[in-house]
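**Student:** To start, I am sharing the structure in question, which I have written as structure tokens.
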Amino acid sequence: TKGNILIHIIRYAIPMILGNYLQLTYNLADSVIISKFLGENSLAACSASNPVMTLMILGASGLGMGASIIMARLYGGKEYGKLKREFASTFLFGIIFSMAVFITGFILADKILIWINTPAEILKEASLYLRIMFVGFLFTFQYNIMSHSLRGIGNSSMPVVFLGISCGLNILMDILFIAVFKMGVMGAGLATVIAEAISVGACMLYIYGRVDLLKLTAKDMHIDRPLLKQTLALGSVTALQQAAQPVGKIFIQSAINAQGVITIGAFNAVCRVDDFACIPAQSIGSGIMTCTAQNRGAGDKNRVKAAISKGLLVALCYFPIIFTLVMLLKGPLMVFLTPPGSSEMIAMGVEYLSVKAWIFVLACIVNAIQGFARGVGKMHISLISTILQIGIRAILVFLFVPRFGIVAEAYACAIGWIIQAVYEYGYFIVTRKKLEMSIGKQGN
């Protein structure tokens, strides 16, 4: 709520970028090691599960993000008692919710994979891997709650430390379980789950020992119903928005799966590159969100307005960097991310990345505007625009990927992002004066 907003957003975003890269490295390590040691079918089995796993992770992240917006607002307004009650309520609700998802997903794993057109020859391995991932969701959910809570009070650096330790262990256990113990895709899944459990344990110990604002004692372990109701009202919309993207990607993956194992492998590889490329834009958006929410809590509408303009400037400065890197490294990246001798996969991926590199500028714009929308509590705008974007993208993929290959998905993504940006920006232009008045009057 004080000082240079541009510097705040950059300092906040850098640890988040590193942390998100480490989170993606969990799955990347699985893919690379599986492709080198187990071959195309095992790689495709893990790839076929990715949209479902992403849905679980982003659903948890969405609820955590919704809670963090409330915490940031309370932190900006110096309401520290309510902030701790908010954390306790979200934490306890998370235990109940993650157990329900785990039980349901573990039972229905086969049906889910059949529903998204997973080829029969990889169904058994994909089902085993997905069930292990549902076990890991018990840890994934709580990590997202704790890490978003730390970020809500401005601490975006410590979650990176925990992820760094667990990521290193993840890679070592991948090699041990797959290359040495010959455990196949089960070894890859177990390595990821164990790493996530370590990440949660480290985060809990840090909060208990160093963060008094979030330190829970026995008397704190109860749910504040009014706060939980507020959290679910905001967090459920955030979770829906976060989940809308992977739900659409499930339909997209279904269209990709129908094209065969080689296309699945190529699309999995370019999605890894795409995930890494978009992380900085998403992290800058999160910095805009937290800065906006804290200053909204403090009732400073001038700093709220400055958060979006300066945050968008930071995001646009990132585009030429990622464009250059992708154009220079697209060939080596595809070789690295695919099994040996997969010339057709490599060619498909290089063609895709040659188009997608130009489109990342839209990701920078969209994530900046979304961060502002979340920070001022306009979650429905983010939800509606995301549904528009992914819905149009999925329809175009079903129509054109069978004819033109996966490069059609890149063009579909560009069209979806353009529509999303126009909708979001148009909304805030129309409602600008009303929004300024609400911040000035309410302060929170």
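Going by the structure tokens order, chains are called A, B, ..., each with residues numbered from 1, while ligands are numbered from 1 in the order shown.
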Which residues come within 12 Å of region 4-9 of chain A, counting only C-alpha atoms, excluding same-chain residues fewer than 5 positions away, as a PyMOL selection string?
**Tutor:** chain A and resi 14-17+154-156+280-281+283-292+294-295+302-315+368+371
**Student:** Using only C-alpha atoms, which residues sit within 12 Å of Ala408 (chain A) once same-chain residues fewer than 2 positions away are excluded, as a VMD selection string?
**Tutor:** chain A and resid 252 255 to 256 267 348 to 349 351 to 353 355 to 356 393 to 406 410 to 415
**Student:** May I have a table of the residues of region 218-301 of chain A lying at most 7 Å from region 117-125 of chain A, giving each one's closest pair of atoms and their distance in Å to one decimal, counting only C-alpha atoms, ordered by chain and ascending residue number, as a tab-separated table?
**Tutor:**
residue	atom	partner	partner_atom	distance
A:Ser254	CA	A:Asn117	CA	5.6
A:Asn257	CA	A:Asn117	CA	6.3
A:Ala258	CA	A:Asn117	CA	6.7
**Student:** I'd like to know which residues of region 153-350 of chain A are helix (DSSP H, G or I) (by DSSP, run on the backbone); could you write them as a PyMOL selection string?
**Tutor:** chain A and resi 158-180+184-210+218-220+225-257+261-297+301-337+343-350
**Student:** Of the candidates A:Asn367, A:Gln389, A:Thr338, A:Thr54, which shows the shortest atom-to-atom distance to Lys36 (chain A), using only C-alpha atoms?
**Tutor:**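 The shortest atom-to-atom distance to Lys36 (chain A) comes from A:Thr338.
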**Student:** Select from region 91-119 of chain A every residue with an atom at most 9 Å from any atom of region 131-150 of chain A, then for each give the shortest pair of atoms and their distance in Å to one decimal, using only C-alpha atoms, rows by chain and rising number, as CSV.
**Tutor:**
residue,atom,partner,partner_atom,distance
A:Phe91,CA,A:Ile145,CA,6.6
A:Gly94,CA,A:Gln142,CA,6.5
A:Ile95,CA,A:Gln142,CA,7.4
A:Phe97,CA,A:Phe141,CA,8.8
A:Ser98,CA,A:Leu138,CA,5.4
A:Met99,CA,A:Leu138,CA,6.5
A:Val101,CA,A:Phe134,CA,7.6
A:Phe102,CA,A:Phe134,CA,5.2
A:Ile103,CA,A:Phe134,CA,8.1
A:Thr104,CA,A:Phe134,CA,9.0
A:Gly105,CA,A:Phe134,CA,6.2
A:Phe106,CA,A:Arg131,CA,5.2
A:Ile107,CA,A:Arg131,CA,8.3
A:Leu108,CA,A:Arg131,CA,8.9
A:Ala109,CA,A:Arg131,CA,6.3
A:Asp110,CA,A:Arg131,CA,9.0
**Student:** Excluding Asp174 (chain A) and its own-chain neighbours fewer than 4 positions away, which residues fall within 9 Å of it when counting only C-alpha atoms? Please give them as a PyMOL selection string.
**Tutor:** chain A and resi 29-30+33-34+169-170+178-179+187-192
**Student:** Which residue gives the smallest distance to Val376 (chain A) among A:Ala60, A:Ile359, A:Ala218, A:Ala293, with only C-alpha atoms counted?
**Tutor:**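 For Val376 (chain A), the nearest of the given residues is A:Ala293.
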**Student:** Have a look at CA of Val350 (chain A) and CA of Val270 (chain A) and let me know their distance in Å, one decimal.
**Tutor:**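 Computed distance, CA of Val350 (chain A) to CA of Val270 (chain A), equals 8.4 Å.
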**Student:** With distances taken over only C-alpha atoms, which residue among A:Pro340, A:Gly152, A:Gly260, A:Gly81 lies nearest Tyr12 (chain A)?
**Tutor:** A:Gly152
**Student:** Find the nearest atom pair between each residue of region 39-63 of chain A and region 238-251 of chain A for residues within 9 Å, count only C-alpha atoms, give distances in Å to one decimal, sort rows by chain and ascending number, and present the table as a Markdown table.
**Tutor:**
| residue | atom | partner | partner_atom | distance |
| --- | --- | --- | --- | --- |
| A:Asn50 | CA | A:Ile250 | CA | 8.7 |
| A:Pro51 | CA | A:Ile250 | CA | 5.3 |
| A:Val52 | CA | A:Ile250 | CA | 7.0 |
| A:Met53 | CA | A:Pro246 | CA | 8.8 |
| A:Thr54 | CA | A:Pro246 | CA | 6.1 |
| A:Leu55 | CA | A:Pro246 | CA | 5.0 |
| A:Met56 | CA | A:Ala243 | CA | 7.9 |
| A:Ile57 | CA | A:Ala243 | CA | 8.7 |
| A:Leu58 | CA | A:Gln242 | CA | 5.4 |
| A:Gly59 | CA | A:Ala239 | CA | 5.0 |
| A:Ala60 | CA | A:Ala239 | CA | 7.0 |
| A:Ser61 | CA | A:Ala239 | CA | 7.1 |
| A:Gly62 | CA | A:Ala239 | CA | 3.8 |
| A:Leu63 | CA | A:Ala239 | CA | 5.0 |
**Student:** Please save C-alpha atoms of the selected residues as a tab-separated table (two decimals), in the first residue's frame.
**Tutor:**
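What landed in selection37.tsv:
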chain	number	residue	atom	x	y	z
A	50	ASN	CA	-2.84	-34.05	-18.04
A	51	PRO	CA	-6.11	-32.16	-18.64
A	52	VAL	CA	-7.76	-33.93	-15.68
A	53	MET	CA	-4.76	-33.22	-13.45
A	54	THR	CA	-4.71	-29.59	-14.55
A	55	LEU	CA	-8.40	-29.31	-13.73
A	56	MET	CA	-7.73	-30.54	-10.19
A	57	ILE	CA	-4.76	-28.23	-9.65
A	58	LEU	CA	-6.44	-25.12	-11.04
A	59	GLY	CA	-9.66	-25.84	-9.17
A	60	ALA	CA	-7.68	-25.89	-5.92
A	61	SER	CA	-5.70	-22.84	-6.98
A	62	GLY	CA	-8.92	-20.99	-7.83
A	63	LEU	CA	-10.38	-21.47	-4.37
